[in-house]
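Trainee: Provided herewith is a single structure, encoded as structure tokens, for subsequent inquiry.
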Amino acid sequence: MAARPEERKAPWLDAKAQPYIRIEGITKKFGEFVAVNDVSLNIYRGEIFCLLGGSGCGKTTLLRMLAGFEQPSAGRIFIDGVSMEGVPPYERPVNMMFQSYALFPHMTVEQNVAFGLKQEKLPREEIESRVADMLGIVKLGGMEKRKPHQLSGGQRQRVALARSLVKRPKLLLLDEPLGALDKKLREHTQFELVNIQERLGVTFIVVTHDQEEAMTLASRIGVMNQGYIVQVGTPHEIYEFPNSRFVTEFIGNVNMFEGRIVEDEPDHVTISSDELGGPLYVGHGVSAAPEAQVWAAVRPEKMILSREQPSFEYNRASGVIKEIAYMGDASIYLVLLDSGKTVRITQPNTYRHADDRLTWDDRVWVSWDESSSVVVTE
Ligand code: ATP
């Protein structure tokens with residue numbers, strides 16, 4: 001089987017690979033308030049690393065310390081092996097693209113992109129050829145003479161990106177780069193960003209509170225909560241193997257069943273859960289004490305809805321369909337279990353004219369495979 005893209009180039013799995021950015025025990029205090037708390041991270045050349053977290057978790061502050069706009073209260077940052085202590089922003093091999101894009105309104109697209117190169121006093125021919133190349137890469141050829149107000153939000157975003165990249169930074173920091181775009185344009189631009197990044201080989205660090213954006217863009221995601229990095233992993237690892245209730249609930253939708261460990265074996269655990277109204281069987285071991293309180297998490301798309309009672313005795317419960325939302329590609333069902341808990345189930349709408357479609361107030365069984373849930377202990 002072919003490896004997934006993230007596995008094909010995964011320098012973080014190579015013990016000999018040198019990180020391009022090394023963040024060692026970085027803390028930032030504003031007075032008594034700790035905005036970033038003892039964060040250590042290695043980021044490798046060519047990654048799109050997403051810092052993901054809710055409002056106020058410290059992600060922008062961490063980005064600003066990388067750019068040199070804030071000084072850490074403790075800890076060290078190395079870029080390409082060089083300590084950034086005392087290095088001002090303009091001497092770092094870093095460019096930062098701000099949320100607001102900050103384009104010059106009176107300048108054309110071309111002049112906006114050329115601005116930084118003119119300041120560096122590069123020869124005119126070189127500026128012209130680099131600007132033309134870059135506008136081609138971000139697909140803005142033909143719009144060179146327009147001013148920002150004559151562009152759509154997505155086009156303005158690409159001008160800002162071209163302006164950041166034309167100086168060929170080794171590291172580009174992007175703060176909520178796609179926040180101003182509508183959903184469709186955002187998706188489209190996300191894929192473009194990945195293509196551009198792959199073509200130019202720049203390392204991107206992207207701050208976002210949007211988990212879908214992080215999942216689409218990132219080689220790896222660092223999930224932040226209250227100043228801490230709580231998990232680092234590929235989008236697949238973060239979604240399928242979250243390490244805590246916080247990460248499980250922050251990324252995507254999930255059904256959580258609180259329970260206690262009954263049987264704890266290296267390759268499986270069984271859990272008794274009043275919330276499910278029956279036993280759970282999870283096909284992986286857990287390092288938790290017997291009787292420990294745990295949560296089994298099951299994603300909505302991994303649950304099966306049926307009229308028939310499943311033959312196995314674990315991971316199943318009966319209930320009544322209370323809500324159905326038709327989303328086109330899939331439908332979302334809210335099922336009130338006999339235990340009193342409501343679960344969310346997503347089923348793909350594979351067939352257009354399905355016979356025997358489930359509907360409101362139908363009695364159903366909800367079940368899932370033993371490999372479909374994960375257990376978290378905190
Ligand atoms: P958002 O998504 O809302 O931008 P964020 O995760 O980027 O959030 P930060 O901007 O890093 O959050 O801020 C982290 C915390 O530090 C917040 O509680 C914020 O109020 C506080 N903070 C940030 N800058 C300062 C400052 N200069 N002085 C005092 N507190 C600050």
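Starting from 1 in every chain, residues are counted up; chains themselves are A, B, ... following the order of the structure tokens, and ligands are numbered from 1 as listed.
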At a cut-off of 12 Å, can you tabulate as JSON lines every residue of chain A near ligand 1 together with its closest atom pair and the distance in Å to one decimal, using only C-alpha atoms and all ligand atoms and ordering rows by chain then number?
Mentor:
```
{"residue": "A:Thr27", "atom": "CA", "partner": "ligand 1", "partner_atom_place_in_ligand_line": "16 (O)", "distance": 11.4}
{"residue": "A:Lys28", "atom": "CA", "partner": "ligand 1", "partner_atom_place_in_ligand_line": "16 (O)", "distance": 8.6}
{"residue": "A:Lys29", "atom": "CA", "partner": "ligand 1", "partner_atom_place_in_ligand_line": "30 (N)", "distance": 8.0}
{"residue": "A:Phe30", "atom": "CA", "partner": "ligand 1", "partner_atom_place_in_ligand_line": "29 (C)", "distance": 4.8}
{"residue": "A:Gly31", "atom": "CA", "partner": "ligand 1", "partner_atom_place_in_ligand_line": "29 (C)", "distance": 7.3}
{"residue": "A:Glu32", "atom": "CA", "partner": "ligand 1", "partner_atom_place_in_ligand_line": "29 (C)", "distance": 9.4}
{"residue": "A:Phe33", "atom": "CA", "partner": "ligand 1", "partner_atom_place_in_ligand_line": "30 (N)", "distance": 7.1}
{"residue": "A:Val34", "atom": "CA", "partner": "ligand 1", "partner_atom_place_in_ligand_line": "16 (O)", "distance": 7.2}
{"residue": "A:Ala35", "atom": "CA", "partner": "ligand 1", "partner_atom_place_in_ligand_line": "16 (O)", "distance": 4.4}
{"residue": "A:Val36", "atom": "CA", "partner": "ligand 1", "partner_atom_place_in_ligand_line": "14 (C)", "distance": 7.3}
{"residue": "A:Asn37", "atom": "CA", "partner": "ligand 1", "partner_atom_place_in_ligand_line": "14 (C)", "distance": 10.6}
{"residue": "A:Leu51", "atom": "CA", "partner": "ligand 1", "partner_atom_place_in_ligand_line": "6 (O)", "distance": 8.9}
{"residue": "A:Leu52", "atom": "CA", "partner": "ligand 1", "partner_atom_place_in_ligand_line": "6 (O)", "distance": 8.2}
{"residue": "A:Gly53", "atom": "CA", "partner": "ligand 1", "partner_atom_place_in_ligand_line": "6 (O)", "distance": 6.2}
{"residue": "A:Gly54", "atom": "CA", "partner": "ligand 1", "partner_atom_place_in_ligand_line": "2 (O)", "distance": 5.9}
{"residue": "A:Ser55", "atom": "CA", "partner": "ligand 1", "partner_atom_place_in_ligand_line": "3 (O)", "distance": 3.5}
{"residue": "A:Gly56", "atom": "CA", "partner": "ligand 1", "partner_atom_place_in_ligand_line": "12 (O)", "distance": 3.4}
{"residue": "A:Cys57", "atom": "CA", "partner": "ligand 1", "partner_atom_place_in_ligand_line": "6 (O)", "distance": 3.8}
{"residue": "A:Gly58", "atom": "CA", "partner": "ligand 1", "partner_atom_place_in_ligand_line": "11 (O)", "distance": 3.2}
{"residue": "A:Lys59", "atom": "CA", "partner": "ligand 1", "partner_atom_place_in_ligand_line": "6 (O)", "distance": 4.1}
{"residue": "A:Thr60", "atom": "CA", "partner": "ligand 1", "partner_atom_place_in_ligand_line": "7 (O)", "distance": 3.6}
{"residue": "A:Thr61", "atom": "CA", "partner": "ligand 1", "partner_atom_place_in_ligand_line": "11 (O)", "distance": 3.7}
{"residue": "A:Leu62", "atom": "CA", "partner": "ligand 1", "partner_atom_place_in_ligand_line": "11 (O)", "distance": 6.5}
{"residue": "A:Leu63", "atom": "CA", "partner": "ligand 1", "partner_atom_place_in_ligand_line": "11 (O)", "distance": 8.0}
{"residue": "A:Arg64", "atom": "CA", "partner": "ligand 1", "partner_atom_place_in_ligand_line": "11 (O)", "distance": 8.3}
{"residue": "A:Met65", "atom": "CA", "partner": "ligand 1", "partner_atom_place_in_ligand_line": "11 (O)", "distance": 10.0}
{"residue": "A:Phe69", "atom": "CA", "partner": "ligand 1", "partner_atom_place_in_ligand_line": "27 (N)", "distance": 10.5}
{"residue": "A:Glu70", "atom": "CA", "partner": "ligand 1", "partner_atom_place_in_ligand_line": "27 (N)", "distance": 8.6}
{"residue": "A:Gln71", "atom": "CA", "partner": "ligand 1", "partner_atom_place_in_ligand_line": "27 (N)", "distance": 10.9}
{"residue": "A:Phe98", "atom": "CA", "partner": "ligand 1", "partner_atom_place_in_ligand_line": "4 (O)", "distance": 11.4}
{"residue": "A:Gln99", "atom": "CA", "partner": "ligand 1", "partner_atom_place_in_ligand_line": "4 (O)", "distance": 9.7}
{"residue": "A:Leu174", "atom": "CA", "partner": "ligand 1", "partner_atom_place_in_ligand_line": "7 (O)", "distance": 11.5}
{"residue": "A:Asp175", "atom": "CA", "partner": "ligand 1", "partner_atom_place_in_ligand_line": "7 (O)", "distance": 8.3}
{"residue": "A:Glu176", "atom": "CA", "partner": "ligand 1", "partner_atom_place_in_ligand_line": "2 (O)", "distance": 8.1}
{"residue": "A:Pro177", "atom": "CA", "partner": "ligand 1", "partner_atom_place_in_ligand_line": "2 (O)", "distance": 11.9}
{"residue": "A:Gly179", "atom": "CA", "partner": "ligand 1", "partner_atom_place_in_ligand_line": "2 (O)", "distance": 10.7}
{"residue": "A:Val206", "atom": "CA", "partner": "ligand 1", "partner_atom_place_in_ligand_line": "7 (O)", "distance": 11.0}
{"residue": "A:Val207", "atom": "CA", "partner": "ligand 1", "partner_atom_place_in_ligand_line": "7 (O)", "distance": 7.4}
{"residue": "A:Thr208", "atom": "CA", "partner": "ligand 1", "partner_atom_place_in_ligand_line": "2 (O)", "distance": 7.0}
{"residue": "A:His209", "atom": "CA", "partner": "ligand 1", "partner_atom_place_in_ligand_line": "2 (O)", "distance": 6.0}
{"residue": "A:Asp210", "atom": "CA", "partner": "ligand 1", "partner_atom_place_in_ligand_line": "2 (O)", "distance": 9.5}
{"residue": "A:Val223", "atom": "CA", "partner": "ligand 1", "partner_atom_place_in_ligand_line": "6 (O)", "distance": 10.6}
{"residue": "A:Met224", "atom": "CA", "partner": "ligand 1", "partner_atom_place_in_ligand_line": "6 (O)", "distance": 7.9}
{"residue": "A:Asn225", "atom": "CA", "partner": "ligand 1", "partner_atom_place_in_ligand_line": "6 (O)", "distance": 8.4}
{"residue": "A:Gln226", "atom": "CA", "partner": "ligand 1", "partner_atom_place_in_ligand_line": "14 (C)", "distance": 8.0}
{"residue": "A:Gly227", "atom": "CA", "partner": "ligand 1", "partner_atom_place_in_ligand_line": "14 (C)", "distance": 7.2}
{"residue": "A:Tyr228", "atom": "CA", "partner": "ligand 1", "partner_atom_place_in_ligand_line": "6 (O)", "distance": 10.6}
{"residue": "A:Ile229", "atom": "CA", "partner": "ligand 1", "partner_atom_place_in_ligand_line": "6 (O)", "distance": 11.4}
```
Trainee: Could you give me, as a ChimeraX atom specification, the residues within 9 Å of Asp338 (chain A), counting only C-alpha atoms and dropping anything in the same chain fewer than 6 positions from it?
Mentor: /A:276-277,317-320
Trainee: Could you pull out the alpha helix (DSSP H) residues of region 229-267 of chain A, going by DSSP on the backbone, and write them as a list in words?
Mentor: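 Of region 229-267 of chain A, the ones in alpha helix (DSSP H) are Pro235, His236, Glu237, Ile238, Tyr239, Glu240, Arg245, Phe246, Val247, Thr248, Glu249 and Phe250 of chain A.
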Trainee: Using only C-alpha atoms, which residue out of A:Pro290, A:Gly142, A:Gly252, A:Pro242 lies closest to Asp264 (chain A)?
Mentor: A:Pro290
Trainee: Taking only C-alpha atoms into account, name the residue in A:Val366, A:Val269, A:Ile21, A:Leu103 that is nearest to Thr346 (chain A).
Mentor: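 Counting only C-alpha atoms, the residue closest to Thr346 (chain A) is A:Val366.
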Trainee: Please compute the CA of Gln150 (chain A)-CA of His188 (chain A) distance, one decimal, in Å.
Mentor: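 Between these atoms lies a distance of 20.2 Å.
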Trainee: Within 10 Å of Pro266 (chain A), counting only C-alpha atoms, which residues qualify if same-chain residues fewer than 3 places away don't, as a compact mmCIF listing (two decimals) with all heavy atoms, in the first residue's frame?
Mentor:
```
# COMPACT_ATOMS: atom_id res chain seq x y z
N VAL A 269 -9.20 -3.22 26.33
CA VAL A 269 -9.80 -2.95 27.64
C VAL A 269 -11.30 -3.11 27.52
O VAL A 269 -11.87 -2.92 26.44
CB VAL A 269 -9.50 -1.53 28.18
CG1 VAL A 269 -8.08 -1.38 28.62
CG2 VAL A 269 -9.87 -0.46 27.17
N GLY A 283 -10.23 -1.92 21.34
CA GLY A 283 -9.16 -2.79 20.84
C GLY A 283 -7.76 -2.24 21.00
O GLY A 283 -6.92 -2.41 20.13
N HIS A 284 -7.48 -1.51 22.07
CA HIS A 284 -6.10 -1.14 22.38
C HIS A 284 -5.93 -1.06 23.89
O HIS A 284 -6.91 -0.88 24.62
CB HIS A 284 -5.70 0.18 21.70
CG HIS A 284 -6.39 1.41 22.23
ND1 HIS A 284 -5.99 2.05 23.38
CD2 HIS A 284 -7.44 2.12 21.77
CE1 HIS A 284 -6.77 3.10 23.59
NE2 HIS A 284 -7.67 3.16 22.63
N GLY A 285 -4.70 -1.23 24.36
CA GLY A 285 -4.45 -1.19 25.80
C GLY A 285 -4.43 0.25 26.29
O GLY A 285 -4.33 1.20 25.51
N VAL A 286 -4.56 0.40 27.59
CA VAL A 286 -4.58 1.74 28.19
C VAL A 286 -3.72 1.67 29.44
O VAL A 286 -3.78 0.69 30.16
CB VAL A 286 -6.03 2.11 28.63
CG1 VAL A 286 -6.05 3.44 29.36
CG2 VAL A 286 -6.96 2.13 27.45
N SER A 287 -2.90 2.71 29.68
CA SER A 287 -2.16 2.67 30.95
C SER A 287 -2.96 3.44 31.99
O SER A 287 -2.81 4.65 32.14
CB SER A 287 -0.75 3.24 30.78
OG SER A 287 -0.79 4.36 29.94
```
Trainee: Please, what distance in Å, to one decimal, runs between CA of Pro89 (chain A) and CA of Gly68 (chain A)?
Mentor: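 Separation between CA of Pro89 (chain A) and CA of Gly68 (chain A): 4.6 Å.
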Trainee: Just the strand (DSSP E or B) stuff from region 68-282 of chain A, please, per backbone DSSP, written as a ChimeraX atom specification.
Mentor: /A:74-79,82-83,94-97,171-175,203-208,220-225,228-233,255-264,269-273,278-282
Trainee: Name the closest residue to Ala132 (chain A) among the candidates A:Gln155, A:Gln111, A:Thr377, A:Thr234; distances are taken between atoms, counting only C-alpha atoms.
Mentor: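 Ranking A:Gln155, A:Gln111, A:Thr377, A:Thr234 by distance to Ala132 (chain A), first place goes to A:Gln111.
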Trainee: Need the shell around Ser371 (chain A): protein/DNA/RNA residues with any atom at most 10 Å away, counting only C-alpha atoms. Skip same-chain ones fewer than 4 positions apart. Format as a list in words?
Mentor: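 Surrounding residues, per the criterion: His268, Tyr281, Val282, Gly283, His284, Val298 and Lys302 of chain A.
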Trainee: Just all heavy atoms for this one: save the residues we selected as a tab-separated table (two decimals), in the first residue's frame.
Mentor:
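Final file, out-v4.tsv:
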```
chain	number	residue	atom	x	y	z
A	268	HIS	N	-6.39	-4.91	24.74
A	268	HIS	CA	-7.76	-4.40	24.80
A	268	HIS	C	-8.15	-4.01	26.23
A	268	HIS	O	-7.50	-4.42	27.19
A	268	HIS	CB	-8.77	-5.42	24.25
A	268	HIS	CG	-9.01	-6.58	25.15
A	268	HIS	ND1	-8.27	-7.74	25.08
A	268	HIS	CD2	-9.89	-6.76	26.18
A	268	HIS	CE1	-8.71	-8.60	26.01
A	268	HIS	NE2	-9.69	-8.02	26.68
A	281	TYR	N	-15.94	-2.31	24.55
A	281	TYR	CA	-14.73	-3.09	24.29
A	281	TYR	C	-13.88	-2.25	23.35
A	281	TYR	O	-14.33	-1.86	22.27
A	281	TYR	CB	-15.11	-4.41	23.63
A	281	TYR	CG	-13.96	-5.36	23.40
A	281	TYR	CD1	-13.78	-6.47	24.22
A	281	TYR	CD2	-13.06	-5.15	22.36
A	281	TYR	CE1	-12.73	-7.35	24.01
A	281	TYR	CE2	-12.00	-6.02	22.15
A	281	TYR	CZ	-11.84	-7.13	22.97
A	281	TYR	OH	-10.80	-8.00	22.77
A	282	VAL	N	-12.66	-1.94	23.79
A	282	VAL	CA	-11.79	-1.08	22.98
A	282	VAL	C	-10.55	-1.89	22.62
A	282	VAL	O	-9.91	-2.47	23.49
A	282	VAL	CB	-11.39	0.19	23.77
A	282	VAL	CG1	-10.52	1.09	22.91
A	282	VAL	CG2	-12.63	0.93	24.24
A	283	GLY	N	-10.23	-1.92	21.34
A	283	GLY	CA	-9.16	-2.79	20.84
A	283	GLY	C	-7.76	-2.24	21.00
A	283	GLY	O	-6.92	-2.41	20.13
A	284	HIS	N	-7.48	-1.51	22.07
A	284	HIS	CA	-6.10	-1.14	22.38
A	284	HIS	C	-5.93	-1.06	23.89
A	284	HIS	O	-6.91	-0.88	24.62
A	284	HIS	CB	-5.70	0.18	21.70
A	284	HIS	CG	-6.39	1.41	22.23
A	284	HIS	ND1	-5.99	2.05	23.38
A	284	HIS	CD2	-7.44	2.12	21.77
A	284	HIS	CE1	-6.77	3.10	23.59
A	284	HIS	NE2	-7.67	3.16	22.63
A	298	VAL	N	-15.86	8.10	20.41
A	298	VAL	CA	-16.19	7.50	19.11
A	298	VAL	C	-16.63	8.62	18.18
A	298	VAL	O	-17.55	9.39	18.50
A	298	VAL	CB	-17.34	6.48	19.22
A	298	VAL	CG1	-17.40	5.62	17.96
A	298	VAL	CG2	-17.22	5.60	20.45
A	302	LYS	N	-17.94	6.91	12.56
A	302	LYS	CA	-17.54	5.53	12.82
A	302	LYS	C	-18.66	4.73	13.48
A	302	LYS	O	-18.50	3.56	13.78
A	302	LYS	CB	-16.27	5.50	13.67
A	302	LYS	CG	-15.08	6.11	12.92
A	302	LYS	CD	-13.79	5.84	13.61
A	302	LYS	CE	-12.59	6.19	12.75
A	302	LYS	NZ	-12.50	7.59	12.39
```
Trainee: Give me, as a PyMOL selection string, all polymer residues having an atom no more than 10 Å from Glu301 (chain A), counting only C-alpha atoms and skipping those fewer than 5 positions away in the same chain.
Mentor: chain A and resi 253-254+330+332+344-348+368+372
Trainee: List the spatial neighbours of region 163-172 of chain A as a list in words - criterion: any atom at most 8 Å away, only C-alpha atoms, same-chain residues fewer than 2 positions off excluded.
Mentor: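 The filter keeps Pro93, Val94, Asn95, Met96, Met97, Asn112, Val113, Ala114, Phe115, Gly116, Leu117, Arg130, Val131, Met134, Val159, Ala160, Leu161, Leu174, Val202, Thr203, Phe204 and Ile205 of chain A.
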Trainee: Tell me which of A:Tyr333, A:Phe257, A:Trp365, A:Tyr239 sits closest to Met215 (chain A), counting only C-alpha atoms.
Mentor: A:Tyr239
Trainee: How many Å separate CA of Phe49 (chain A) from CA of Leu217 (chain A)?
Mentor: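 Calculated distance between CA of Phe49 (chain A) and CA of Leu217 (chain A) is 8.2 Å.
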Trainee: Counting only C-alpha atoms, which residue out of A:Ala74, A:Leu13, A:Val138, A:Ile238 sits closest to Leu193 (chain A)?
Mentor: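 The answer is A:Val138, which sits nearest to Leu193 (chain A).
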Trainee: Env of Tyr44 (chain A): 8 Å cut, atoms = only C-alpha atoms, seq-sep filter 6 positions within chain, self excluded. Answer as a PDB file with N, CA and C atoms, in the first residue's frame.
Mentor:
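See result_1.pdb below for the written result:
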```
ATOM      1  N   PRO A  11      10.253  14.099   8.376  1.00  0.00           N
ATOM      2  CA  PRO A  11      11.568  14.247   9.005  1.00  0.00           C
ATOM      3  C   PRO A  11      11.523  14.081  10.517  1.00  0.00           C
ATOM      4  N   TRP A  12      10.335  14.345  11.113  1.00  0.00           N
ATOM      5  CA  TRP A  12      10.243  14.228  12.571  1.00  0.00           C
ATOM      6  C   TRP A  12      10.372  12.787  13.037  1.00  0.00           C
ATOM      7  N   GLN A  18      17.909  17.229  11.378  1.00  0.00           N
ATOM      8  CA  GLN A  18      18.087  18.411  12.215  1.00  0.00           C
ATOM      9  C   GLN A  18      16.851  19.291  12.103  1.00  0.00           C
ATOM     10  N   PRO A  19      16.252  19.671  13.213  1.00  0.00           N
ATOM     11  CA  PRO A  19      15.107  20.582  13.095  1.00  0.00           C
ATOM     12  C   PRO A  19      15.551  21.933  12.545  1.00  0.00           C
ATOM     13  N   TYR A  20      14.676  22.552  11.747  1.00  0.00           N
ATOM     14  CA  TYR A  20      14.993  23.877  11.227  1.00  0.00           C
ATOM     15  C   TYR A  20      14.729  24.930  12.306  1.00  0.00           C
ATOM     16  N   ILE A  21      13.653  24.695  13.061  1.00  0.00           N
ATOM     17  CA  ILE A  21      13.346  25.591  14.182  1.00  0.00           C
ATOM     18  C   ILE A  21      13.327  24.765  15.454  1.00  0.00           C
ATOM     19  N   THR A 203       9.376  26.938   4.632  1.00  0.00           N
ATOM     20  CA  THR A 203       8.724  26.378   5.818  1.00  0.00           C
ATOM     21  C   THR A 203       7.635  27.357   6.256  1.00  0.00           C
TER      22      THR A 203
END
```
